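Visitor: Attaching a single structure in structure tokens format; questions to follow.
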Amino acid sequence: ARTMREWVVLKEKYGGIPTTDLRQTATRLNILPCTDQPEITIMPRTSAGGMFTVNGHTLTAKDSTTLHGILIGEEILITRNPFAVMMADTTRGEMIQLSVPQGTRFRFNSATEVQVLDGIMGVRGAITVTTPNGTYTPEGTVWTVEVKEGGTVKVHVLEGDVRARTPRGETVLPAGKAATVTSSGVIETSFDPTTSPRRDRKSTRLNSSHVSQS
């Protein structure tokens with residue numbers, strides 16, 4: 001594959017073969033992955049393990065030490081127990097951490113953008129999140145995004161700021177602000193991020209080796 005698009009098309013054609021070694025996958029498919037494919041790993045958050053699908057193919061992780069690789073363009077659906085997704089941000093020297101509970105469906109569009117198709121995702125790190133009703137860019141932020149049935153999006157900002165771009169304009173949400181985004185507009189509300197249940201769940205886990213469940 002000479003381009004990311006070719007790599008994604010080939011991966012979808014062959015059903016998304018999971019691996020933590022891109023070269024191994026490339027050898028198996030007799031293709032060469034493009035150089036801008038980052039190393040993205042997914043692992044269960046609990047010792048009970050979990051299950052998820054890659055382009056419709058079910059994979060099982062037996063416990064929290066089981067790692068799988070994700071490639072850009074693959075559609076991931078968490079089907080049993082929460083998972084953590086980790087990706088190194090080489091430009092900032094940081095680790096991007098995503099918390100993905102059961103029922104969430106998403107894909108990486110690039111090394112700097114993840115698309116939430118359905119469900120909730122907790123986010124820590126400099127990665128843009130796209131949803132049916134807008135694009136959200138963090139600025140030193142811990143936050144959650146939830147895509148509900150019908151495309152309604154809910155955002156809670158726990159630290160920093162999130163810049164929200166929707167068809168109706170752009171707004172910056174600081175810590176303590178929540179927004180409900182629909183096709184008709186954005187409704188902002190306030191909450192206390194220090195006492196929020198979302199904060200309680202995150203504060204005990206974001207400081208550990210795994211990202212928190214949102």
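Chain labels A, B, ... are given in the sequence in which chains occur in the structure tokens; within each chain residues are numbered consecutively from 1, and ligands are likewise numbered from 1 in the order shown.
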Can you tell me, as a JSON list (two decimals) with N, CA and C atoms, in the first residue's frame, what residues are no more than 8 Å from Gly56 in chain A when counting only C-alpha atoms, ignoring any on the same chain fewer than 2 positions away?
Guide:
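Produced file selection-v6.json, reproduced below:
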```json
[["chain", "number", "residue", "atom", "x", "y", "z"],
["A", 15, "GLY", "N", -10.78, -8.01, 6.08],
["A", 15, "GLY", "CA", -11.54, -8.25, 7.30],
["A", 15, "GLY", "C", -10.87, -7.79, 8.58],
["A", 53, "THR", "N", -15.14, -6.06, 18.43],
["A", 53, "THR", "CA", -15.10, -6.46, 17.03],
["A", 53, "THR", "C", -14.24, -5.48, 16.24],
["A", 54, "VAL", "N", -13.57, -6.02, 15.23],
["A", 54, "VAL", "CA", -12.80, -5.22, 14.29],
["A", 54, "VAL", "C", -13.38, -5.44, 12.91],
["A", 58, "THR", "N", -15.11, -10.69, 15.57],
["A", 58, "THR", "CA", -15.03, -10.68, 17.04],
["A", 58, "THR", "C", -13.66, -11.14, 17.52],
["A", 75, "GLU", "N", -13.08, -0.16, 12.01],
["A", 75, "GLU", "CA", -14.22, 0.16, 12.87],
["A", 75, "GLU", "C", -14.23, -0.79, 14.06]]
```
Visitor: Which residues are close to Thr41 in chain A, i.e. within 8 Å by only C-alpha atoms, leaving aside same-chain residues fewer than 6 positions away? Reply as a JSON list (two decimals) with N, CA and C atoms, in the first residue's frame.
Guide:
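Contents of around_23.json, freshly written:
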```json
[["chain", "number", "residue", "atom", "x", "y", "z"],
["A", 20, "THR", "N", -0.42, -7.00, 17.03],
["A", 20, "THR", "CA", 0.32, -5.91, 17.66],
["A", 20, "THR", "C", 1.58, -5.62, 16.88],
["A", 67, "LEU", "N", -3.03, -7.52, 24.80],
["A", 67, "LEU", "CA", -2.98, -6.35, 23.93],
["A", 67, "LEU", "C", -3.30, -6.74, 22.49],
["A", 68, "HIS", "N", -4.00, -5.86, 21.82],
["A", 68, "HIS", "CA", -4.23, -6.00, 20.39],
["A", 68, "HIS", "C", -3.87, -4.67, 19.72],
["A", 69, "GLY", "N", -3.57, -4.72, 18.45],
["A", 69, "GLY", "CA", -3.29, -3.51, 17.70],
["A", 69, "GLY", "C", -4.50, -3.05, 16.91],
["A", 70, "ILE", "N", -4.59, -1.74, 16.71],
["A", 70, "ILE", "CA", -5.65, -1.15, 15.90],
["A", 70, "ILE", "C", -4.98, -0.38, 14.77],
["A", 85, "VAL", "N", -7.68, 2.42, 25.28],
["A", 85, "VAL", "CA", -6.94, 2.55, 24.02],
["A", 85, "VAL", "C", -5.81, 3.53, 24.24],
["A", 86, "MET", "N", -4.61, 3.16, 23.83],
["A", 86, "MET", "CA", -3.43, 3.99, 24.04],
["A", 86, "MET", "C", -2.74, 4.25, 22.71],
["A", 87, "MET", "N", -2.30, 5.50, 22.49],
["A", 87, "MET", "CA", -1.53, 5.83, 21.30],
["A", 87, "MET", "C", -0.49, 6.88, 21.66]]
```
Visitor: Neighbouring residues of Thr141 in chain A were defined as those with any atom within 8 Å, considering only C-alpha atoms; residues of the same chain fewer than 6 positions away were excluded. Please report them as a ChimeraX atom specification.
Guide: /A:123-126,157-162
Visitor: Take the residues just selected and output them with all heavy atoms as a PDB file, in the first residue's frame.
Guide:
```
ATOM      1  N   VAL A 123     -11.635  10.938  27.115  1.00  0.00           N
ATOM      2  CA  VAL A 123     -10.481  11.348  26.311  1.00  0.00           C
ATOM      3  C   VAL A 123      -9.467  12.086  27.170  1.00  0.00           C
ATOM      4  O   VAL A 123      -9.816  12.984  27.939  1.00  0.00           O
ATOM      5  CB  VAL A 123     -10.921  12.276  25.155  1.00  0.00           C
ATOM      6  CG1 VAL A 123      -9.731  12.630  24.270  1.00  0.00           C
ATOM      7  CG2 VAL A 123     -12.022  11.624  24.333  1.00  0.00           C
ATOM      8  N   ARG A 124      -8.206  11.702  27.021  1.00  0.00           N
ATOM      9  CA  ARG A 124      -7.113  12.464  27.624  1.00  0.00           C
ATOM     10  C   ARG A 124      -5.966  12.526  26.620  1.00  0.00           C
ATOM     11  O   ARG A 124      -5.458  11.497  26.191  1.00  0.00           O
ATOM     12  CB  ARG A 124      -6.621  11.829  28.918  1.00  0.00           C
ATOM     13  CG  ARG A 124      -5.550  12.684  29.602  1.00  0.00           C
ATOM     14  CD  ARG A 124      -5.230  12.184  30.993  1.00  0.00           C
ATOM     15  NE  ARG A 124      -4.546  13.205  31.755  1.00  0.00           N
ATOM     16  CZ  ARG A 124      -4.249  13.101  33.040  1.00  0.00           C
ATOM     17  NH1 ARG A 124      -4.592  12.007  33.700  1.00  0.00           N
ATOM     18  NH2 ARG A 124      -3.641  14.062  33.665  1.00  0.00           N
ATOM     19  N   GLY A 125      -5.595  13.730  26.229  1.00  0.00           N
ATOM     20  CA  GLY A 125      -4.529  13.899  25.257  1.00  0.00           C
ATOM     21  C   GLY A 125      -4.983  14.723  24.063  1.00  0.00           C
ATOM     22  O   GLY A 125      -6.170  15.014  23.882  1.00  0.00           O
ATOM     23  N   ALA A 126      -4.023  15.109  23.236  1.00  0.00           N
ATOM     24  CA  ALA A 126      -4.278  16.013  22.118  1.00  0.00           C
ATOM     25  C   ALA A 126      -4.743  15.243  20.887  1.00  0.00           C
ATOM     26  O   ALA A 126      -3.977  14.974  19.969  1.00  0.00           O
ATOM     27  CB  ALA A 126      -3.022  16.808  21.804  1.00  0.00           C
ATOM     28  N   VAL A 157     -16.563  18.754  30.075  1.00  0.00           N
ATOM     29  CA  VAL A 157     -15.158  19.134  30.153  1.00  0.00           C
ATOM     30  C   VAL A 157     -14.730  19.149  31.621  1.00  0.00           C
ATOM     31  O   VAL A 157     -15.264  19.919  32.424  1.00  0.00           O
ATOM     32  CB  VAL A 157     -14.903  20.513  29.516  1.00  0.00           C
ATOM     33  CG1 VAL A 157     -13.417  20.845  29.546  1.00  0.00           C
ATOM     34  CG2 VAL A 157     -15.417  20.535  28.079  1.00  0.00           C
ATOM     35  N   LEU A 158     -13.763  18.299  31.979  1.00  0.00           N
ATOM     36  CA  LEU A 158     -13.296  18.181  33.360  1.00  0.00           C
ATOM     37  C   LEU A 158     -12.038  19.004  33.610  1.00  0.00           C
ATOM     38  O   LEU A 158     -11.835  19.509  34.718  1.00  0.00           O
ATOM     39  CB  LEU A 158     -13.027  16.710  33.684  1.00  0.00           C
ATOM     40  CG  LEU A 158     -14.231  15.783  33.511  1.00  0.00           C
ATOM     41  CD1 LEU A 158     -13.817  14.339  33.693  1.00  0.00           C
ATOM     42  CD2 LEU A 158     -15.336  16.154  34.481  1.00  0.00           C
ATOM     43  N   GLU A 159     -11.177  19.121  32.605  1.00  0.00           N
ATOM     44  CA  GLU A 159      -9.962  19.936  32.709  1.00  0.00           C
ATOM     45  C   GLU A 159      -9.713  20.620  31.376  1.00  0.00           C
ATOM     46  O   GLU A 159     -10.015  20.063  30.319  1.00  0.00           O
ATOM     47  CB  GLU A 159      -8.737  19.075  33.047  1.00  0.00           C
ATOM     48  CG  GLU A 159      -8.741  18.445  34.413  1.00  0.00           C
ATOM     49  CD  GLU A 159      -7.512  17.574  34.640  1.00  0.00           C
ATOM     50  OE1 GLU A 159      -6.577  17.626  33.809  1.00  0.00           O
ATOM     51  OE2 GLU A 159      -7.496  16.841  35.649  1.00  0.00           O
ATOM     52  N   GLY A 160      -9.144  21.824  31.412  1.00  0.00           N
ATOM     53  CA  GLY A 160      -8.756  22.503  30.185  1.00  0.00           C
ATOM     54  C   GLY A 160      -9.947  23.018  29.398  1.00  0.00           C
ATOM     55  O   GLY A 160     -10.990  23.364  29.960  1.00  0.00           O
ATOM     56  N   ASP A 161      -9.812  23.074  28.088  1.00  0.00           N
ATOM     57  CA  ASP A 161     -10.848  23.583  27.195  1.00  0.00           C
ATOM     58  C   ASP A 161     -11.046  22.617  26.035  1.00  0.00           C
ATOM     59  O   ASP A 161     -10.127  21.903  25.640  1.00  0.00           O
ATOM     60  CB  ASP A 161     -10.469  24.953  26.613  1.00  0.00           C
ATOM     61  CG  ASP A 161     -10.233  25.995  27.690  1.00  0.00           C
ATOM     62  OD1 ASP A 161     -11.137  26.194  28.524  1.00  0.00           O
ATOM     63  OD2 ASP A 161      -9.149  26.597  27.697  1.00  0.00           O
ATOM     64  N   VAL A 162     -12.245  22.642  25.485  1.00  0.00           N
ATOM     65  CA  VAL A 162     -12.547  21.897  24.260  1.00  0.00           C
ATOM     66  C   VAL A 162     -13.164  22.869  23.260  1.00  0.00           C
ATOM     67  O   VAL A 162     -14.134  23.570  23.572  1.00  0.00           O
ATOM     68  CB  VAL A 162     -13.522  20.730  24.530  1.00  0.00           C
ATOM     69  CG1 VAL A 162     -14.016  20.133  23.215  1.00  0.00           C
ATOM     70  CG2 VAL A 162     -12.845  19.654  25.368  1.00  0.00           C
TER      71      VAL A 162
END
```
Visitor: Within 7 Å of range 91-106 of chain A, counting only C-alpha atoms, which residues qualify if same-chain residues fewer than 5 places away don't, as a CSV table (one decimal) with N, CA and C atoms, in the first residue's frame?
Guide:
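Output file part_32.csv is given in full below:
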```
chain,number,residue,atom,x,y,z
A,75,GLU,N,-13.1,-0.2,12.0
A,75,GLU,CA,-14.2,0.2,12.9
A,75,GLU,C,-14.2,-0.8,14.1
A,76,ILE,N,-14.2,-0.2,15.3
A,76,ILE,CA,-14.1,-1.0,16.5
A,76,ILE,C,-15.4,-0.8,17.3
A,77,LEU,N,-16.0,-2.0,17.7
A,77,LEU,CA,-17.2,-2.0,18.6
A,77,LEU,C,-16.8,-2.8,19.8
A,78,ILE,N,-17.0,-2.1,21.0
A,78,ILE,CA,-16.7,-2.8,22.3
A,78,ILE,C,-18.0,-3.6,22.6
A,79,THR,N,-17.9,-4.9,22.7
A,79,THR,CA,-19.1,-5.7,23.0
A,79,THR,C,-19.2,-6.3,24.4
A,80,ARG,N,-18.1,-6.4,25.1
A,80,ARG,CA,-18.2,-6.9,26.5
A,80,ARG,C,-17.1,-6.2,27.3
A,81,ASN,N,-17.4,-5.6,28.4
A,81,ASN,CA,-16.5,-4.9,29.4
A,81,ASN,C,-15.8,-3.8,28.8
A,82,PRO,N,-15.3,-2.8,29.6
A,82,PRO,CA,-14.7,-1.6,29.1
A,82,PRO,C,-13.2,-1.9,28.6
A,83,PHE,N,-12.7,-1.1,27.7
A,83,PHE,CA,-11.4,-1.2,27.2
A,83,PHE,C,-10.7,0.2,27.3
A,84,ALA,N,-9.4,0.1,27.3
A,84,ALA,CA,-8.5,1.3,27.3
A,84,ALA,C,-7.8,1.3,25.9
A,85,VAL,N,-7.7,2.4,25.3
A,85,VAL,CA,-6.9,2.5,24.0
A,85,VAL,C,-5.8,3.5,24.2
A,86,MET,N,-4.6,3.2,23.8
A,86,MET,CA,-3.4,4.0,24.0
A,86,MET,C,-2.7,4.2,22.7
A,115,GLN,N,-13.0,9.1,15.4
A,115,GLN,CA,-14.5,9.3,15.2
A,115,GLN,C,-15.3,8.4,16.1
A,116,VAL,N,-16.2,9.1,16.9
A,116,VAL,CA,-17.1,8.3,17.7
A,116,VAL,C,-18.4,8.1,17.0
A,117,LEU,N,-18.7,6.9,16.6
A,117,LEU,CA,-19.9,6.6,15.8
A,117,LEU,C,-21.1,6.4,16.7
A,118,ASP,N,-20.9,5.9,17.9
A,118,ASP,CA,-22.0,5.6,18.9
A,118,ASP,C,-21.4,5.3,20.2
A,119,GLY,N,-22.1,5.8,21.3
A,119,GLY,CA,-21.6,5.5,22.6
A,119,GLY,C,-20.8,6.6,23.3
A,120,ILE,N,-20.1,6.2,24.4
A,120,ILE,CA,-19.4,7.2,25.2
A,120,ILE,C,-17.9,6.9,25.1
A,121,MET,N,-17.1,8.0,25.1
A,121,MET,CA,-15.6,7.9,25.2
A,121,MET,C,-15.0,8.9,26.1
A,122,GLY,N,-14.1,8.5,27.0
A,122,GLY,CA,-13.4,9.4,27.8
A,122,GLY,C,-12.1,9.7,27.1
A,123,VAL,N,-11.6,10.9,27.1
A,123,VAL,CA,-10.5,11.3,26.3
A,123,VAL,C,-9.5,12.1,27.2
A,124,ARG,N,-8.2,11.7,27.0
A,124,ARG,CA,-7.1,12.5,27.6
A,124,ARG,C,-6.0,12.5,26.6
A,125,GLY,N,-5.6,13.7,26.2
A,125,GLY,CA,-4.5,13.9,25.3
A,125,GLY,C,-5.0,14.7,24.1
A,126,ALA,N,-4.0,15.1,23.2
A,126,ALA,CA,-4.3,16.0,22.1
A,126,ALA,C,-4.7,15.2,20.9
A,211,VAL,N,-6.5,4.3,31.1
A,211,VAL,CA,-7.4,5.4,31.1
A,211,VAL,C,-8.7,5.0,31.7
A,212,SER,N,-9.5,6.0,32.3
A,212,SER,CA,-10.7,5.6,33.0
A,212,SER,C,-11.8,5.3,32.2
A,213,GLN,N,-12.8,4.6,32.8
A,213,GLN,CA,-14.1,4.4,32.1
A,213,GLN,C,-14.9,5.7,32.3
A,214,SER,N,-15.5,6.1,31.2
A,214,SER,CA,-16.3,7.3,31.3
A,214,SER,C,-17.7,7.0,31.8
```
Visitor: Name the residues in contact with range 184-191 of chain A at a cut-off of 10 Å, using only C-alpha atoms, excluding same-chain residues fewer than 2 positions from it; report them as an mmCIF file with all heavy atoms, in the first residue's frame.
Guide:
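See out-v9.cif below for the written result:
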```cif
data_model
loop_
_atom_site.group_PDB
_atom_site.id
_atom_site.type_symbol
_atom_site.label_atom_id
_atom_site.label_comp_id
_atom_site.auth_asym_id
_atom_site.auth_seq_id
_atom_site.Cartn_x
_atom_site.Cartn_y
_atom_site.Cartn_z
ATOM 1 N N ASN A 133 -22.469 15.488 14.866
ATOM 2 C CA ASN A 133 -22.892 16.886 14.943
ATOM 3 C C ASN A 133 -21.761 17.868 15.174
ATOM 4 O O ASN A 133 -22.011 19.013 15.550
ATOM 5 C CB ASN A 133 -23.935 17.065 16.056
ATOM 6 C CG ASN A 133 -25.318 16.648 15.595
ATOM 7 O OD1 ASN A 133 -25.655 16.802 14.433
ATOM 8 N ND2 ASN A 133 -26.104 16.089 16.491
ATOM 9 N N VAL A 153 -25.138 14.730 20.674
ATOM 10 C CA VAL A 153 -23.818 14.593 21.283
ATOM 11 C C VAL A 153 -23.797 15.347 22.613
ATOM 12 O O VAL A 153 -24.258 16.487 22.703
ATOM 13 C CB VAL A 153 -22.719 15.152 20.355
ATOM 14 C CG1 VAL A 153 -21.357 15.095 21.039
ATOM 15 C CG2 VAL A 153 -22.690 14.378 19.041
ATOM 16 N N LYS A 154 -23.254 14.688 23.651
ATOM 17 C CA LYS A 154 -23.083 15.340 24.954
ATOM 18 C C LYS A 154 -21.602 15.381 25.299
ATOM 19 O O LYS A 154 -20.902 14.367 25.194
ATOM 20 C CB LYS A 154 -23.867 14.599 26.042
ATOM 21 C CG LYS A 154 -25.371 14.743 25.900
ATOM 22 C CD LYS A 154 -26.108 14.248 27.139
ATOM 23 C CE LYS A 154 -27.591 14.560 27.052
ATOM 24 N NZ LYS A 154 -28.313 14.165 28.289
ATOM 25 N N VAL A 155 -21.130 16.557 25.719
ATOM 26 C CA VAL A 155 -19.730 16.765 26.061
ATOM 27 C C VAL A 155 -19.636 17.317 27.477
ATOM 28 O O VAL A 155 -20.375 18.241 27.834
ATOM 29 C CB VAL A 155 -19.061 17.755 25.076
ATOM 30 C CG1 VAL A 155 -17.633 18.058 25.505
ATOM 31 C CG2 VAL A 155 -19.076 17.191 23.666
ATOM 32 N N HIS A 156 -18.746 16.735 28.310
ATOM 33 C CA HIS A 156 -18.447 17.247 29.642
ATOM 34 C C HIS A 156 -16.949 17.522 29.720
ATOM 35 O O HIS A 156 -16.142 16.624 29.453
ATOM 36 C CB HIS A 156 -18.832 16.233 30.737
ATOM 37 C CG HIS A 156 -20.305 16.113 30.963
ATOM 38 N ND1 HIS A 156 -21.128 15.432 30.089
ATOM 39 C CD2 HIS A 156 -21.103 16.592 31.964
ATOM 40 C CE1 HIS A 156 -22.370 15.488 30.547
ATOM 41 N NE2 HIS A 156 -22.389 16.177 31.676
ATOM 42 N N VAL A 157 -16.563 18.754 30.075
ATOM 43 C CA VAL A 157 -15.158 19.134 30.153
ATOM 44 C C VAL A 157 -14.730 19.149 31.621
ATOM 45 O O VAL A 157 -15.264 19.919 32.424
ATOM 46 C CB VAL A 157 -14.903 20.513 29.516
ATOM 47 C CG1 VAL A 157 -13.417 20.845 29.546
ATOM 48 C CG2 VAL A 157 -15.417 20.535 28.079
ATOM 49 N N LEU A 158 -13.763 18.299 31.979
ATOM 50 C CA LEU A 158 -13.296 18.181 33.360
ATOM 51 C C LEU A 158 -12.038 19.004 33.610
ATOM 52 O O LEU A 158 -11.835 19.509 34.718
ATOM 53 C CB LEU A 158 -13.027 16.710 33.684
ATOM 54 C CG LEU A 158 -14.231 15.783 33.511
ATOM 55 C CD1 LEU A 158 -13.817 14.339 33.693
ATOM 56 C CD2 LEU A 158 -15.336 16.154 34.481
ATOM 57 N N ALA A 164 -15.356 23.367 20.185
ATOM 58 C CA ALA A 164 -16.400 22.640 19.475
ATOM 59 C C ALA A 164 -16.750 23.364 18.183
ATOM 60 O O ALA A 164 -17.083 24.551 18.194
ATOM 61 C CB ALA A 164 -17.641 22.518 20.348
ATOM 62 N N THR A 166 -19.352 23.117 15.039
ATOM 63 C CA THR A 166 -20.580 22.507 14.551
ATOM 64 C C THR A 166 -21.033 23.267 13.304
ATOM 65 O O THR A 166 -20.508 24.344 12.998
ATOM 66 C CB THR A 166 -21.690 22.568 15.615
ATOM 67 O OG1 THR A 166 -22.139 23.922 15.748
ATOM 68 C CG2 THR A 166 -21.188 22.066 16.961
ATOM 69 N N PRO A 167 -22.025 22.731 12.577
ATOM 70 C CA PRO A 167 -22.522 23.450 11.399
ATOM 71 C C PRO A 167 -23.050 24.840 11.722
ATOM 72 O O PRO A 167 -23.134 25.696 10.841
ATOM 73 C CB PRO A 167 -23.646 22.531 10.892
ATOM 74 C CG PRO A 167 -23.244 21.170 11.337
ATOM 75 C CD PRO A 167 -22.600 21.379 12.678
ATOM 76 N N ARG A 168 -23.383 25.088 12.989
ATOM 77 C CA ARG A 168 -23.927 26.386 13.371
ATOM 78 C C ARG A 168 -22.885 27.337 13.956
ATOM 79 O O ARG A 168 -23.212 28.425 14.418
ATOM 80 C CB ARG A 168 -25.076 26.208 14.370
ATOM 81 C CG ARG A 168 -26.294 25.565 13.733
ATOM 82 C CD ARG A 168 -27.437 25.441 14.702
ATOM 83 N NE ARG A 168 -28.638 24.992 14.039
ATOM 84 C CZ ARG A 168 -29.552 25.788 13.508
ATOM 85 N NH1 ARG A 168 -29.400 27.094 13.567
ATOM 86 N NH2 ARG A 168 -30.621 25.285 12.925
ATOM 87 N N GLY A 169 -21.617 26.909 13.971
ATOM 88 C CA GLY A 169 -20.587 27.819 14.463
ATOM 89 C C GLY A 169 -19.582 27.125 15.366
ATOM 90 O O GLY A 169 -19.523 25.902 15.449
ATOM 91 N N GLU A 170 -18.794 27.935 16.065
ATOM 92 C CA GLU A 170 -17.712 27.434 16.905
ATOM 93 C C GLU A 170 -17.825 28.031 18.301
ATOM 94 O O GLU A 170 -18.182 29.203 18.466
ATOM 95 C CB GLU A 170 -16.373 27.807 16.271
ATOM 96 C CG GLU A 170 -15.158 27.350 17.055
ATOM 97 C CD GLU A 170 -13.861 27.682 16.329
ATOM 98 O OE1 GLU A 170 -13.753 27.371 15.121
ATOM 99 O OE2 GLU A 170 -12.958 28.247 16.976
ATOM 100 N N THR A 171 -17.525 27.200 19.308
ATOM 101 C CA THR A 171 -17.534 27.683 20.680
ATOM 102 C C THR A 171 -16.459 26.961 21.472
ATOM 103 O O THR A 171 -16.056 25.852 21.112
ATOM 104 C CB THR A 171 -18.915 27.462 21.348
ATOM 105 O OG1 THR A 171 -18.931 28.067 22.641
ATOM 106 C CG2 THR A 171 -19.214 25.974 21.491
ATOM 107 N N LEU A 173 -15.510 25.390 25.137
ATOM 108 C CA LEU A 173 -16.084 24.935 26.396
ATOM 109 C C LEU A 173 -14.976 24.800 27.427
ATOM 110 O O LEU A 173 -14.089 23.963 27.276
ATOM 111 C CB LEU A 173 -16.783 23.589 26.207
ATOM 112 C CG LEU A 173 -17.888 23.530 25.150
ATOM 113 C CD1 LEU A 173 -18.320 22.088 24.919
ATOM 114 C CD2 LEU A 173 -19.074 24.385 25.579
ATOM 115 N N PRO A 174 -14.983 25.592 28.500
ATOM 116 C CA PRO A 174 -13.970 25.467 29.545
ATOM 117 C C PRO A 174 -14.344 24.379 30.547
ATOM 118 O O PRO A 174 -15.439 23.814 30.488
ATOM 119 C CB PRO A 174 -13.999 26.847 30.205
ATOM 120 C CG PRO A 174 -15.416 27.298 30.055
ATOM 121 C CD PRO A 174 -15.893 26.725 28.736
ATOM 122 N N ALA A 175 -13.438 24.100 31.477
ATOM 123 C CA ALA A 175 -13.712 23.123 32.531
ATOM 124 C C ALA A 175 -14.959 23.545 33.308
ATOM 125 O O ALA A 175 -15.142 24.725 33.626
ATOM 126 C CB ALA A 175 -12.515 23.010 33.466
ATOM 127 N N GLY A 176 -15.821 22.577 33.586
ATOM 128 C CA GLY A 176 -17.057 22.873 34.300
ATOM 129 C C GLY A 176 -18.229 23.152 33.387
ATOM 130 O O GLY A 176 -19.333 23.407 33.858
ATOM 131 N N LYS A 177 -17.996 23.084 32.081
ATOM 132 C CA LYS A 177 -19.076 23.291 31.125
ATOM 133 C C LYS A 177 -19.444 21.966 30.458
ATOM 134 O O LYS A 177 -18.592 21.138 30.159
ATOM 135 C CB LYS A 177 -18.665 24.291 30.043
ATOM 136 C CG LYS A 177 -18.733 25.747 30.475
ATOM 137 C CD LYS A 177 -20.180 26.214 30.623
ATOM 138 C CE LYS A 177 -20.235 27.703 30.923
ATOM 139 N NZ LYS A 177 -21.650 28.176 31.070
ATOM 140 N N ALA A 178 -20.739 21.808 30.253
ATOM 141 C CA ALA A 178 -21.247 20.672 29.493
ATOM 142 C C ALA A 178 -22.055 21.223 28.332
ATOM 143 O O ALA A 178 -22.613 22.315 28.410
ATOM 144 C CB ALA A 178 -22.111 19.775 30.381
ATOM 145 N N ALA A 179 -22.099 20.480 27.249
ATOM 146 C CA ALA A 179 -22.854 20.924 26.083
ATOM 147 C C ALA A 179 -23.630 19.756 25.500
ATOM 148 O O ALA A 179 -23.123 18.633 25.417
ATOM 149 C CB ALA A 179 -21.921 21.506 25.034
ATOM 150 N N THR A 180 -24.859 20.029 25.110
ATOM 151 C CA THR A 180 -25.667 19.086 24.350
ATOM 152 C C THR A 180 -25.785 19.637 22.938
ATOM 153 O O THR A 180 -26.273 20.753 22.742
ATOM 154 C CB THR A 180 -27.064 18.910 24.965
ATOM 155 O OG1 THR A 180 -26.928 18.419 26.309
ATOM 156 C CG2 THR A 180 -27.904 17.937 24.161
ATOM 157 N N VAL A 181 -25.313 18.866 21.971
ATOM 158 C CA VAL A 181 -25.247 19.338 20.586
ATOM 159 C C VAL A 181 -26.208 18.520 19.738
ATOM 160 O O VAL A 181 -26.120 17.292 19.692
ATOM 161 C CB VAL A 181 -23.817 19.215 20.023
ATOM 162 C CG1 VAL A 181 -23.737 19.843 18.628
ATOM 163 C CG2 VAL A 181 -22.814 19.875 20.962
ATOM 164 N N THR A 182 -27.126 19.216 19.072
ATOM 165 C CA THR A 182 -28.063 18.580 18.148
ATOM 166 C C THR A 182 -27.986 19.297 16.806
ATOM 167 O O THR A 182 -27.252 20.280 16.650
ATOM 168 C CB THR A 182 -29.505 18.644 18.690
ATOM 169 O OG1 THR A 182 -29.931 20.009 18.695
ATOM 170 C CG2 THR A 182 -29.593 18.084 20.099
ATOM 171 N N PRO A 193 -16.843 20.218 38.163
ATOM 172 C CA PRO A 193 -16.015 19.081 37.760
ATOM 173 C C PRO A 193 -15.301 18.403 38.923
ATOM 174 O O PRO A 193 -14.886 17.255 38.811
ATOM 175 C CB PRO A 193 -15.008 19.709 36.785
ATOM 176 C CG PRO A 193 -14.954 21.145 37.172
ATOM 177 C CD PRO A 193 -16.334 21.499 37.654
ATOM 178 N N THR A 194 -15.178 19.103 40.067
ATOM 179 C CA THR A 194 -14.485 18.495 41.210
ATOM 180 C C THR A 194 -15.374 17.512 41.956
ATOM 181 O O THR A 194 -14.879 16.673 42.704
ATOM 182 C CB THR A 194 -14.003 19.574 42.193
ATOM 183 O OG1 THR A 194 -15.132 20.261 42.739
ATOM 184 C CG2 THR A 194 -13.081 20.561 41.492
ATOM 185 N N THR A 195 -16.690 17.629 41.778
ATOM 186 C CA THR A 195 -17.610 16.728 42.471
ATOM 187 C C THR A 195 -18.407 15.872 41.501
ATOM 188 O O THR A 195 -19.247 15.084 41.922
ATOM 189 C CB THR A 195 -18.602 17.523 43.345
ATOM 190 O OG1 THR A 195 -19.354 18.419 42.506
ATOM 191 C CG2 THR A 195 -17.860 18.331 44.394
ATOM 192 N N SER A 196 -18.158 16.032 40.225
ATOM 193 C CA SER A 196 -18.902 15.268 39.226
ATOM 194 C C SER A 196 -18.594 13.781 39.351
ATOM 195 O O SER A 196 -17.455 13.388 39.566
ATOM 196 C CB SER A 196 -18.515 15.728 37.816
ATOM 197 O OG SER A 196 -19.013 14.826 36.847
#
```
Visitor: Measuring atom to atom with only C-alpha atoms, identify which of A:Thr135, A:Asn55, A:Thr128, A:Thr112 is nearest to Ala88 in chain A.
Guide: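 Checking each of A:Thr135, A:Asn55, A:Thr128, A:Thr112 against Ala88 in chain A, counting only C-alpha atoms, the winner is A:Thr112.
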Visitor: Between CA of Ala61 in chain A and CA of Met43 in chain A, what is the distance in Å, rounded to a tenth?
Guide: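 Interatomic distance, CA of Ala61 in chain A to CA of Met43 in chain A: 7.3 Å.
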Visitor: Counting only C-alpha atoms, which residue out of A:Val145, A:Asp192, A:Ala111, A:Thr152 sits closest to Ile127 in chain A?
Guide: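 With only C-alpha atoms as the atom set, the closest residue is A:Ala111.
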Visitor: Give me, as a CSV table (one decimal) with N, CA and C atoms, in the first residue's frame, the residues of range 102-210 of chain A that a backbone DSSP run labels helix (DSSP H, G or I).
Guide:
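states_12.csv written:
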```
chain,number,residue,atom,x,y,z
A,197,PRO,N,-19.6,12.9,39.2
A,197,PRO,CA,-19.3,11.5,39.2
A,197,PRO,C,-18.4,11.1,38.1
A,198,ARG,N,-18.4,11.8,37.0
A,198,ARG,CA,-17.4,11.5,35.9
A,198,ARG,C,-16.0,11.8,36.4
A,199,ARG,N,-15.8,12.9,37.2
A,199,ARG,CA,-14.5,13.2,37.8
A,199,ARG,C,-14.1,12.1,38.7
A,200,ASP,N,-15.0,11.7,39.6
A,200,ASP,CA,-14.7,10.6,40.6
A,200,ASP,C,-14.1,9.4,39.9
A,201,ARG,N,-14.8,9.0,38.8
A,201,ARG,CA,-14.4,7.8,38.1
A,201,ARG,C,-13.0,8.0,37.4
A,202,LYS,N,-12.8,9.2,36.9
A,202,LYS,CA,-11.6,9.5,36.2
A,202,LYS,C,-10.4,9.7,37.1
A,203,SER,N,-10.6,10.4,38.2
A,203,SER,CA,-9.4,10.8,39.0
A,203,SER,C,-8.8,9.5,39.6
```
